[in-house]
Amino acid sequence: MNQPRPTLLSWSSGKDSAWTLHQLRQDPSIALKGIFTTVNAEAERVAIHGVRQSLLRDQAEALGLPLYTIDLPYPCSNDDYQAAMSAFHQWSSEQGIECIAFGDLFLEDVRDYRIQTLEGTGLTPLFPLWGSDTTVLSHTMIKAGLKARISCIQNDKLPRHCLGQSFDFTLLDNLPAAIDPCGENGEFHTFCYDGPMFRHPIPVQCGEEVVQEFASFIDLLPIDDR
């Protein structure tokens, strides 16, 4: 009988990563060894999502998994990013990791990029949610008890009042028809704070909004920080 393959999960702090983890834990061929996240080293926040690094650590504790952070400079060039990821892939392979899992759903160019990046590393890319119907998937996650808040939006896709909203059926019912229900095209990002993958919920509340040229963010705060 084959031994489970040691695997790390690319963790964004959002719902798709959380659901990918949930699926991996139900796969007997996988031995999940931890999660890893790229972090804006200057701001100490999750890259793209803008979530505080302290909340990222809270997630890892609630998951019962080691967290590995990859510090990125700001601004971060493509060369900087590639160098940081290459070093992490080499380290992962040296630790006996065999697979890297991602929560991608249907963006072919992103999937191809990940596969290309791992070529020659000895690491196998896994895409447990690939090809999922995002309408069905969004409903499945919510029905299973996954809870998340919108942490970031594209300004030309969603109004600012969506920041901080719960990822629930009310949100899905009110999304414009052109918006993917899982935000797979980057329309929105989430912070997952509860669900079947966690040992306990992570209490958060909404702080200040930060509006930039193309995207807006909500500063999610641990409850005990206020």
# chains A, B, ... in the order shown; residues from 1 in each chain; ligands from 1
call {"tool": "residues_around", "arguments": {"residues": "A:Glu209", "least_positions_apart": "5", "cutoff": "12 Å", "atoms": "only C-alpha atoms", "output": "PDB file with all heavy atoms, in the first residue's frame"}}
result
ATOM      1  N   GLY A  50      -4.604  41.415   1.951  1.00  0.00           N
ATOM      2  CA  GLY A  50      -4.477  42.487   2.927  1.00  0.00           C
ATOM      3  C   GLY A  50      -4.828  42.106   4.351  1.00  0.00           C
ATOM      4  O   GLY A  50      -5.038  42.974   5.200  1.00  0.00           O
ATOM      5  N   ILE A 150     -15.754  39.241   3.313  1.00  0.00           N
ATOM      6  CA  ILE A 150     -15.048  39.835   2.176  1.00  0.00           C
ATOM      7  C   ILE A 150     -13.992  40.800   2.707  1.00  0.00           C
ATOM      8  O   ILE A 150     -14.300  41.727   3.451  1.00  0.00           O
ATOM      9  CB  ILE A 150     -16.027  40.547   1.231  1.00  0.00           C
ATOM     10  CG1 ILE A 150     -16.929  39.519   0.550  1.00  0.00           C
ATOM     11  CG2 ILE A 150     -15.263  41.364   0.196  1.00  0.00           C
ATOM     12  CD1 ILE A 150     -17.866  40.098  -0.493  1.00  0.00           C
ATOM     13  N   SER A 151     -12.748  40.562   2.328  1.00  0.00           N
ATOM     14  CA  SER A 151     -11.631  41.374   2.812  1.00  0.00           C
ATOM     15  C   SER A 151     -11.142  42.372   1.766  1.00  0.00           C
ATOM     16  O   SER A 151     -10.480  43.354   2.120  1.00  0.00           O
ATOM     17  CB  SER A 151     -10.467  40.465   3.229  1.00  0.00           C
ATOM     18  OG  SER A 151     -10.036  39.662   2.130  1.00  0.00           O
ATOM     19  N   CYS A 152     -11.454  42.126   0.500  1.00  0.00           N
ATOM     20  CA  CYS A 152     -10.935  42.956  -0.581  1.00  0.00           C
ATOM     21  C   CYS A 152     -11.872  42.869  -1.776  1.00  0.00           C
ATOM     22  O   CYS A 152     -12.434  41.805  -2.051  1.00  0.00           O
ATOM     23  CB  CYS A 152      -9.531  42.470  -0.960  1.00  0.00           C
ATOM     24  SG  CYS A 152      -8.822  43.240  -2.434  1.00  0.00           S
ATOM     25  N   ILE A 153     -12.046  43.977  -2.482  1.00  0.00           N
ATOM     26  CA  ILE A 153     -12.858  43.995  -3.702  1.00  0.00           C
ATOM     27  C   ILE A 153     -12.134  44.736  -4.808  1.00  0.00           C
ATOM     28  O   ILE A 153     -11.275  45.596  -4.552  1.00  0.00           O
ATOM     29  CB  ILE A 153     -14.236  44.679  -3.479  1.00  0.00           C
ATOM     30  CG1 ILE A 153     -14.031  46.137  -3.037  1.00  0.00           C
ATOM     31  CG2 ILE A 153     -15.088  43.902  -2.497  1.00  0.00           C
ATOM     32  CD1 ILE A 153     -15.287  46.979  -3.091  1.00  0.00           C
ATOM     33  N   ARG A 160     -18.364  49.400  -2.529  1.00  0.00           N
ATOM     34  CA  ARG A 160     -17.618  49.337  -1.281  1.00  0.00           C
ATOM     35  C   ARG A 160     -18.426  48.759  -0.126  1.00  0.00           C
ATOM     36  O   ARG A 160     -17.854  48.230   0.837  1.00  0.00           O
ATOM     37  CB  ARG A 160     -17.108  50.729  -0.905  1.00  0.00           C
ATOM     38  CG  ARG A 160     -15.795  51.096  -1.581  1.00  0.00           C
ATOM     39  CD  ARG A 160     -15.380  52.513  -1.250  1.00  0.00           C
ATOM     40  NE  ARG A 160     -15.306  52.750   0.174  1.00  0.00           N
ATOM     41  CZ  ARG A 160     -15.188  53.953   0.719  1.00  0.00           C
ATOM     42  NH1 ARG A 160     -15.181  55.022  -0.056  1.00  0.00           N
ATOM     43  NH2 ARG A 160     -15.108  54.085   2.034  1.00  0.00           N
ATOM     44  N   HIS A 161     -19.743  48.854  -0.189  1.00  0.00           N
ATOM     45  CA  HIS A 161     -20.522  48.327   0.938  1.00  0.00           C
ATOM     46  C   HIS A 161     -20.400  46.807   1.068  1.00  0.00           C
ATOM     47  O   HIS A 161     -20.810  46.232   2.076  1.00  0.00           O
ATOM     48  CB  HIS A 161     -21.994  48.744   0.835  1.00  0.00           C
ATOM     49  CG  HIS A 161     -22.767  48.118  -0.282  1.00  0.00           C
ATOM     50  ND1 HIS A 161     -23.162  46.801  -0.270  1.00  0.00           N
ATOM     51  CD2 HIS A 161     -23.222  48.630  -1.458  1.00  0.00           C
ATOM     52  CE1 HIS A 161     -23.820  46.521  -1.383  1.00  0.00           C
ATOM     53  NE2 HIS A 161     -23.871  47.609  -2.118  1.00  0.00           N
ATOM     54  N   CYS A 162     -19.816  46.167   0.053  1.00  0.00           N
ATOM     55  CA  CYS A 162     -19.588  44.714   0.147  1.00  0.00           C
ATOM     56  C   CYS A 162     -18.433  44.371   1.078  1.00  0.00           C
ATOM     57  O   CYS A 162     -18.342  43.236   1.563  1.00  0.00           O
ATOM     58  CB  CYS A 162     -19.308  44.135  -1.240  1.00  0.00           C
ATOM     59  SG  CYS A 162     -20.742  44.089  -2.336  1.00  0.00           S
ATOM     60  N   LEU A 163     -17.543  45.325   1.337  1.00  0.00           N
ATOM     61  CA  LEU A 163     -16.415  45.062   2.227  1.00  0.00           C
ATOM     62  C   LEU A 163     -16.903  44.645   3.610  1.00  0.00           C
ATOM     63  O   LEU A 163     -17.758  45.300   4.205  1.00  0.00           O
ATOM     64  CB  LEU A 163     -15.535  46.298   2.344  1.00  0.00           C
ATOM     65  CG  LEU A 163     -14.652  46.633   1.140  1.00  0.00           C
ATOM     66  CD1 LEU A 163     -14.010  47.998   1.322  1.00  0.00           C
ATOM     67  CD2 LEU A 163     -13.581  45.572   0.936  1.00  0.00           C
ATOM     68  N   GLY A 164     -16.349  43.563   4.100  1.00  0.00           N
ATOM     69  CA  GLY A 164     -16.710  43.077   5.419  1.00  0.00           C
ATOM     70  C   GLY A 164     -17.958  42.228   5.456  1.00  0.00           C
ATOM     71  O   GLY A 164     -18.275  41.638   6.501  1.00  0.00           O
ATOM     72  N   ALA A 215      -8.361  48.704  -6.048  1.00  0.00           N
ATOM     73  CA  ALA A 215      -8.953  47.781  -5.077  1.00  0.00           C
ATOM     74  C   ALA A 215      -9.192  48.491  -3.755  1.00  0.00           C
ATOM     75  O   ALA A 215      -8.548  49.499  -3.437  1.00  0.00           O
ATOM     76  CB  ALA A 215      -8.047  46.570  -4.858  1.00  0.00           C
ATOM     77  N   SER A 216     -10.137  47.953  -2.989  1.00  0.00           N
ATOM     78  CA  SER A 216     -10.421  48.462  -1.649  1.00  0.00           C
ATOM     79  C   SER A 216     -10.368  47.306  -0.658  1.00  0.00           C
ATOM     80  O   SER A 216     -10.689  46.163  -1.008  1.00  0.00           O
ATOM     81  CB  SER A 216     -11.796  49.130  -1.597  1.00  0.00           C
ATOM     82  OG  SER A 216     -11.826  50.293  -2.412  1.00  0.00           O
ATOM     83  N   PHE A 217      -9.973  47.628   0.574  1.00  0.00           N
ATOM     84  CA  PHE A 217      -9.762  46.625   1.600  1.00  0.00           C
ATOM     85  C   PHE A 217     -10.500  47.016   2.875  1.00  0.00           C
ATOM     86  O   PHE A 217     -10.734  48.192   3.130  1.00  0.00           O
ATOM     87  CB  PHE A 217      -8.265  46.484   1.928  1.00  0.00           C
ATOM     88  CG  PHE A 217      -7.396  46.149   0.754  1.00  0.00           C
ATOM     89  CD1 PHE A 217      -6.960  47.138  -0.120  1.00  0.00           C
ATOM     90  CD2 PHE A 217      -7.008  44.845   0.516  1.00  0.00           C
ATOM     91  CE1 PHE A 217      -6.157  46.835  -1.211  1.00  0.00           C
ATOM     92  CE2 PHE A 217      -6.200  44.524  -0.571  1.00  0.00           C
ATOM     93  CZ  PHE A 217      -5.782  45.527  -1.431  1.00  0.00           C
ATOM     94  N   ILE A 218     -10.841  45.999   3.673  1.00  0.00           N
ATOM     95  CA  ILE A 218     -11.360  46.235   5.015  1.00  0.00           C
ATOM     96  C   ILE A 218     -10.345  45.657   5.996  1.00  0.00           C
ATOM     97  O   ILE A 218      -9.837  44.547   5.788  1.00  0.00           O
ATOM     98  CB  ILE A 218     -12.755  45.574   5.223  1.00  0.00           C
ATOM     99  CG1 ILE A 218     -13.363  45.992   6.564  1.00  0.00           C
ATOM    100  CG2 ILE A 218     -12.695  44.067   5.103  1.00  0.00           C
ATOM    101  CD1 ILE A 218     -13.958  47.358   6.548  1.00  0.00           C
ATOM    102  N   ASP A 219     -10.012  46.424   7.015  1.00  0.00           N
ATOM    103  CA  ASP A 219      -9.047  45.952   8.006  1.00  0.00           C
ATOM    104  C   ASP A 219      -9.790  45.081   9.012  1.00  0.00           C
ATOM    105  O   ASP A 219     -10.489  45.582   9.893  1.00  0.00           O
ATOM    106  CB  ASP A 219      -8.394  47.152   8.700  1.00  0.00           C
ATOM    107  CG  ASP A 219      -7.218  46.740   9.575  1.00  0.00           C
ATOM    108  OD1 ASP A 219      -6.764  45.590   9.441  1.00  0.00           O
ATOM    109  OD2 ASP A 219      -6.760  47.574  10.373  1.00  0.00           O
ATOM    110  N   LEU A 220      -9.637  43.787   8.867  1.00  0.00           N
ATOM    111  CA  LEU A 220     -10.274  42.853   9.791  1.00  0.00           C
ATOM    112  C   LEU A 220      -9.429  42.740  11.050  1.00  0.00           C
ATOM    113  O   LEU A 220      -8.211  42.573  10.983  1.00  0.00           O
ATOM    114  CB  LEU A 220     -10.444  41.486   9.132  1.00  0.00           C
ATOM    115  CG  LEU A 220     -11.386  41.468   7.921  1.00  0.00           C
ATOM    116  CD1 LEU A 220     -11.374  40.109   7.249  1.00  0.00           C
ATOM    117  CD2 LEU A 220     -12.805  41.840   8.340  1.00  0.00           C
ATOM    118  N   LEU A 221     -10.085  42.830  12.198  1.00  0.00           N
ATOM    119  CA  LEU A 221      -9.394  42.870  13.483  1.00  0.00           C
ATOM    120  C   LEU A 221      -9.789  41.720  14.382  1.00  0.00           C
ATOM    121  O   LEU A 221     -10.984  41.382  14.465  1.00  0.00           O
ATOM    122  CB  LEU A 221      -9.726  44.188  14.204  1.00  0.00           C
ATOM    123  CG  LEU A 221      -9.460  45.486  13.448  1.00  0.00           C
ATOM    124  CD1 LEU A 221     -10.057  46.653  14.216  1.00  0.00           C
ATOM    125  CD2 LEU A 221      -7.978  45.685  13.227  1.00  0.00           C
TER     126      LEU A 221
END
call {"tool": "closest_atom_pairs", "arguments": {"of": "stretch 65-121 of chain A", "to": "stretch 182-201 of chain A", "cutoff": "9 Å", "atoms": "only C-alpha atoms", "output": "JSON lines"}}
result
{"residue": "A:Asp104", "atom": "CA", "partner": "A:Glu184", "partner_atom": "CA", "distance": 7.9}
{"residue": "A:Leu105", "atom": "CA", "partner": "A:Glu184", "partner_atom": "CA", "distance": 7.0}
{"residue": "A:Phe106", "atom": "CA", "partner": "A:Glu184", "partner_atom": "CA", "distance": 7.6}
{"residue": "A:Leu107", "atom": "CA", "partner": "A:Glu184", "partner_atom": "CA", "distance": 7.7}
call {"tool": "write_last_selection", "arguments": {"atoms": "N, CA, C and O atoms", "output": "mmCIF file, in the first residue's frame"}}
result
data_model
loop_
_atom_site.group_PDB
_atom_site.id
_atom_site.type_symbol
_atom_site.label_atom_id
_atom_site.label_comp_id
_atom_site.auth_asym_id
_atom_site.auth_seq_id
_atom_site.Cartn_x
_atom_site.Cartn_y
_atom_site.Cartn_z
ATOM 1 N N ASP A 104 -7.127 26.669 -6.885
ATOM 2 C CA ASP A 104 -7.625 27.239 -8.143
ATOM 3 C C ASP A 104 -8.841 26.468 -8.657
ATOM 4 O O ASP A 104 -8.949 25.247 -8.491
ATOM 5 N N LEU A 105 -9.718 27.205 -9.342
ATOM 6 C CA LEU A 105 -10.981 26.624 -9.798
ATOM 7 C C LEU A 105 -11.072 26.460 -11.312
ATOM 8 O O LEU A 105 -11.400 25.390 -11.805
ATOM 9 N N PHE A 106 -10.767 27.536 -12.076
ATOM 10 C CA PHE A 106 -10.903 27.380 -13.525
ATOM 11 C C PHE A 106 -10.011 28.288 -14.370
ATOM 12 O O PHE A 106 -10.107 28.266 -15.593
ATOM 13 N N LEU A 107 -9.149 29.074 -13.779
ATOM 14 C CA LEU A 107 -8.299 29.969 -14.567
ATOM 15 C C LEU A 107 -7.104 29.181 -15.122
ATOM 16 O O LEU A 107 -6.154 28.863 -14.404
#
call {"tool": "residues_around", "arguments": {"residues": "stretch 134-142 of chain A", "least_positions_apart": "3", "cutoff": "6 Å", "atoms": "only C-alpha atoms", "output": "list in words"}}
result
Gly145, Leu146, Pro181 and Cys182 of chain A
call {"tool": "write_last_selection", "arguments": {"atoms": "N, CA and C atoms", "output": "mmCIF file, in the first residue's frame"}}
result
data_model
loop_
_atom_site.group_PDB
_atom_site.id
_atom_site.type_symbol
_atom_site.label_atom_id
_atom_site.label_comp_id
_atom_site.auth_asym_id
_atom_site.auth_seq_id
_atom_site.Cartn_x
_atom_site.Cartn_y
_atom_site.Cartn_z
ATOM 1 N N GLY A 145 -21.136 24.973 6.544
ATOM 2 C CA GLY A 145 -20.796 25.758 7.720
ATOM 3 C C GLY A 145 -19.572 26.637 7.571
ATOM 4 N N LEU A 146 -19.020 26.723 6.354
ATOM 5 C CA LEU A 146 -17.891 27.624 6.141
ATOM 6 C C LEU A 146 -18.366 29.069 6.307
ATOM 7 N N PRO A 181 -19.529 33.645 -8.386
ATOM 8 C CA PRO A 181 -19.933 33.485 -6.976
ATOM 9 C C PRO A 181 -18.792 33.142 -6.033
ATOM 10 N N CYS A 182 -17.692 32.643 -6.574
ATOM 11 C CA CYS A 182 -16.516 32.393 -5.742
ATOM 12 C C CYS A 182 -15.449 33.478 -5.915
#
call {"tool": "atom_distance", "arguments": {"atom1": "atom CA of A:Thr121", "atom2": "atom CA of A:Ser86"}}
result
8.6 Å
call {"tool": "closest_atom_pairs", "arguments": {"of": "stretch 56-119 of chain A", "to": "stretch 7-16 of chain A", "cutoff": "12 Å", "atoms": "only C-alpha atoms", "output": "CSV"}}
result
residue,atom,partner,partner_atom,distance
A:Leu56,CA,A:Ser13,CA,6.6
A:Arg57,CA,A:Ser13,CA,10.0
A:Asp58,CA,A:Ser13,CA,10.4
A:Gln59,CA,A:Ser13,CA,7.7
A:Ala60,CA,A:Ser13,CA,9.5
A:Leu63,CA,A:Ser13,CA,11.5
A:Leu65,CA,A:Leu8,CA,10.1
A:Pro66,CA,A:Leu8,CA,9.7
A:Leu67,CA,A:Trp11,CA,9.1
A:Tyr68,CA,A:Leu8,CA,9.5
A:Thr69,CA,A:Trp11,CA,9.7
A:Ile70,CA,A:Ser10,CA,10.8
A:Met85,CA,A:Ser10,CA,11.3
A:Phe88,CA,A:Leu8,CA,11.2
A:His89,CA,A:Leu8,CA,10.3
A:Trp91,CA,A:Leu8,CA,11.8
A:Ser92,CA,A:Leu8,CA,8.3
A:Ser93,CA,A:Thr7,CA,10.2
A:Gln95,CA,A:Thr7,CA,10.7
A:Gly96,CA,A:Thr7,CA,9.1
A:Ile97,CA,A:Thr7,CA,5.7
A:Glu98,CA,A:Thr7,CA,6.0
A:Cys99,CA,A:Thr7,CA,4.6
A:Ile100,CA,A:Leu8,CA,5.0
A:Ala101,CA,A:Leu9,CA,4.7
A:Phe102,CA,A:Ser10,CA,5.4
A:Gly103,CA,A:Asp16,CA,5.6
A:Asp104,CA,A:Asp16,CA,7.7
A:Leu105,CA,A:Asp16,CA,8.6
A:Arg114,CA,A:Ser10,CA,10.8
call {"tool": "write_last_selection", "arguments": {"atoms": "N, CA, C and O atoms", "output": "compact mmCIF listing (two decimals), in the first residue's frame"}}
result
# COMPACT_ATOMS: atom_id res chain seq x y z
N LEU A 56 -3.60 35.48 10.33
CA LEU A 56 -3.08 34.32 9.62
C LEU A 56 -2.57 33.28 10.63
O LEU A 56 -2.84 32.08 10.50
N ARG A 57 -1.86 33.75 11.63
CA ARG A 57 -1.38 32.84 12.66
C ARG A 57 -2.54 32.23 13.45
O ARG A 57 -2.49 31.05 13.83
N ASP A 58 -3.58 33.03 13.68
CA ASP A 58 -4.77 32.50 14.36
C ASP A 58 -5.41 31.38 13.54
O ASP A 58 -5.88 30.38 14.11
N GLN A 59 -5.45 31.56 12.23
CA GLN A 59 -6.00 30.51 11.36
C GLN A 59 -5.20 29.23 11.48
O GLN A 59 -5.76 28.14 11.63
N ALA A 60 -3.88 29.34 11.41
CA ALA A 60 -3.04 28.15 11.49
C ALA A 60 -3.23 27.42 12.81
O ALA A 60 -3.30 26.18 12.85
N LEU A 63 -6.45 25.61 12.71
CA LEU A 63 -6.35 24.46 11.81
C LEU A 63 -5.53 23.33 12.40
O LEU A 63 -5.63 22.18 11.98
N LEU A 65 -2.18 23.26 12.20
CA LEU A 65 -1.15 22.98 11.21
C LEU A 65 -0.02 24.00 11.30
O LEU A 65 -0.26 25.17 11.65
N PRO A 66 1.19 23.60 10.95
CA PRO A 66 2.28 24.57 10.88
C PRO A 66 2.02 25.60 9.77
O PRO A 66 1.44 25.27 8.73
N LEU A 67 2.44 26.83 10.01
CA LEU A 67 2.32 27.91 9.04
C LEU A 67 3.71 28.32 8.60
O LEU A 67 4.59 28.58 9.43
N TYR A 68 3.91 28.40 7.28
CA TYR A 68 5.17 28.86 6.72
C TYR A 68 4.88 30.13 5.92
O TYR A 68 4.04 30.12 5.02
N THR A 69 5.55 31.21 6.26
CA THR A 69 5.33 32.47 5.55
C THR A 69 6.52 32.77 4.65
O THR A 69 7.68 32.53 5.02
N ILE A 70 6.22 33.32 3.49
CA ILE A 70 7.24 33.71 2.52
C ILE A 70 7.20 35.23 2.45
O ILE A 70 6.24 35.82 1.93
N MET A 85 9.89 32.29 -4.18
CA MET A 85 9.18 31.02 -4.35
C MET A 85 10.14 29.88 -4.67
O MET A 85 9.97 28.76 -4.19
N PHE A 88 11.67 28.71 -1.53
CA PHE A 88 10.72 27.95 -0.71
C PHE A 88 10.49 26.56 -1.29
O PHE A 88 10.42 25.57 -0.53
N HIS A 89 10.39 26.46 -2.60
CA HIS A 89 10.21 25.14 -3.23
C HIS A 89 11.40 24.23 -2.94
O HIS A 89 11.23 23.04 -2.65
N TRP A 91 13.44 24.44 -0.37
CA TRP A 91 13.38 24.07 1.04
C TRP A 91 12.33 22.98 1.26
O TRP A 91 12.57 22.01 2.00
N SER A 92 11.16 23.12 0.63
CA SER A 92 10.08 22.14 0.80
C SER A 92 10.53 20.76 0.36
O SER A 92 10.28 19.75 1.04
N SER A 93 11.18 20.70 -0.79
CA SER A 93 11.66 19.41 -1.30
C SER A 93 12.67 18.79 -0.35
O SER A 93 12.65 17.58 -0.09
N GLN A 95 12.73 19.09 2.77
CA GLN A 95 12.02 18.63 3.97
C GLN A 95 11.20 17.37 3.70
O GLN A 95 10.51 16.88 4.61
N GLY A 96 11.25 16.85 2.49
CA GLY A 96 10.51 15.63 2.17
C GLY A 96 9.12 15.86 1.63
O GLY A 96 8.35 14.90 1.46
N ILE A 97 8.76 17.11 1.35
CA ILE A 97 7.45 17.39 0.77
C ILE A 97 7.42 16.89 -0.67
O ILE A 97 8.39 17.07 -1.43
N GLU A 98 6.31 16.27 -1.05
CA GLU A 98 6.18 15.74 -2.40
C GLU A 98 5.20 16.51 -3.26
O GLU A 98 5.33 16.52 -4.49
N CYS A 99 4.21 17.15 -2.63
CA CYS A 99 3.15 17.81 -3.40
C CYS A 99 2.87 19.21 -2.85
O CYS A 99 2.98 19.45 -1.65
N ILE A 100 2.48 20.10 -3.75
CA ILE A 100 2.00 21.42 -3.39
C ILE A 100 0.57 21.54 -3.92
O ILE A 100 0.33 21.35 -5.12
N ALA A 101 -0.38 21.85 -3.04
CA ALA A 101 -1.79 21.92 -3.43
C ALA A 101 -2.22 23.38 -3.54
O ALA A 101 -1.76 24.25 -2.80
N PHE A 102 -3.14 23.63 -4.49
CA PHE A 102 -3.66 24.96 -4.74
C PHE A 102 -5.18 24.91 -4.81
O PHE A 102 -5.77 23.90 -5.16
N GLY A 103 -5.81 26.05 -4.52
CA GLY A 103 -7.27 26.12 -4.52
C GLY A 103 -7.86 26.70 -5.78
O GLY A 103 -9.00 27.18 -5.75
N ASP A 104 -7.13 26.67 -6.88
CA ASP A 104 -7.62 27.24 -8.14
C ASP A 104 -8.84 26.47 -8.66
O ASP A 104 -8.95 25.25 -8.49
N LEU A 105 -9.72 27.20 -9.34
CA LEU A 105 -10.98 26.62 -9.80
C LEU A 105 -11.07 26.46 -11.31
O LEU A 105 -11.40 25.39 -11.80
N ARG A 114 1.43 27.79 -12.38
CA ARG A 114 1.84 27.03 -11.20
C ARG A 114 2.55 25.74 -11.61
O ARG A 114 3.56 25.35 -11.00
call {"tool": "closest_residue", "arguments": {"among": "A:Ser132, A:Thr170, A:Ser77, A:Asn2", "to": "A:Ala31", "atoms": "only C-alpha atoms"}}
result
A:Asn2
call {"tool": "select_by_dssp", "arguments": {"residues": "stretch 20-225 of chain A", "states": "strand (DSSP E)", "output": "PyMOL selection string"}}
result
chain A and resi 30-40+45-46+67-72+99-101+124-126+147-154+188-194+204-211+215-222
call {"tool": "select_by_dssp", "arguments": {"residues": "stretch 39-171 of chain A", "states": "helix (DSSP H, G or I)", "output": "ChimeraX atom specification"}}
result
/A:53-63,78-94,108-118,134-143,160-162,169-171
call {"tool": "closest_residue", "arguments": {"among": "A:Leu175, A:Val110, A:Ala83, A:Leu21", "to": "A:Ile35", "atoms": "only C-alpha atoms"}}
result
A:Leu21
call {"tool": "atom_distance", "arguments": {"atom1": "atom CA of A:Leu118", "atom2": "atom CA of A:Thr38"}}
result
16.3 Å
call {"tool": "closest_residue", "arguments": {"among": "A:Lys143, A:Arg149, A:Arg111, A:Lys157", "to": "A:Cys206", "atoms": "only C-alpha atoms"}}
result
A:Arg149
call {"tool": "decode", "arguments": {"residues": "stretch 58-70 of chain A", "atoms": "N, CA and C atoms", "output": "compact mmCIF listing (two decimals), in the first residue's frame"}}
result
# COMPACT_ATOMS: atom_id res chain seq x y z
N ASP A 58 -3.58 33.03 13.68
CA ASP A 58 -4.77 32.50 14.36
C ASP A 58 -5.41 31.38 13.54
N GLN A 59 -5.45 31.56 12.23
CA GLN A 59 -6.00 30.51 11.36
C GLN A 59 -5.20 29.23 11.48
N ALA A 60 -3.88 29.34 11.41
CA ALA A 60 -3.04 28.15 11.49
C ALA A 60 -3.23 27.42 12.81
N GLU A 61 -3.35 28.19 13.91
CA GLU A 61 -3.58 27.57 15.21
C GLU A 61 -4.91 26.84 15.23
N ALA A 62 -5.94 27.46 14.65
CA ALA A 62 -7.26 26.83 14.63
C ALA A 62 -7.30 25.63 13.71
N LEU A 63 -6.45 25.61 12.71
CA LEU A 63 -6.35 24.46 11.81
C LEU A 63 -5.53 23.33 12.40
N GLY A 64 -4.67 23.67 13.36
CA GLY A 64 -3.77 22.68 13.94
C GLY A 64 -2.66 22.29 12.99
N LEU A 65 -2.18 23.26 12.20
CA LEU A 65 -1.15 22.98 11.21
C LEU A 65 -0.02 24.00 11.30
N PRO A 66 1.19 23.60 10.95
CA PRO A 66 2.28 24.57 10.88
C PRO A 66 2.02 25.60 9.77
N LEU A 67 2.44 26.83 10.01
CA LEU A 67 2.32 27.91 9.04
C LEU A 67 3.71 28.32 8.60
N TYR A 68 3.91 28.40 7.28
CA TYR A 68 5.17 28.86 6.72
C TYR A 68 4.88 30.13 5.92
N THR A 69 5.55 31.21 6.26
CA THR A 69 5.33 32.47 5.55
C THR A 69 6.52 32.77 4.65
N ILE A 70 6.22 33.32 3.49
CA ILE A 70 7.24 33.71 2.52
C ILE A 70 7.20 35.23 2.45
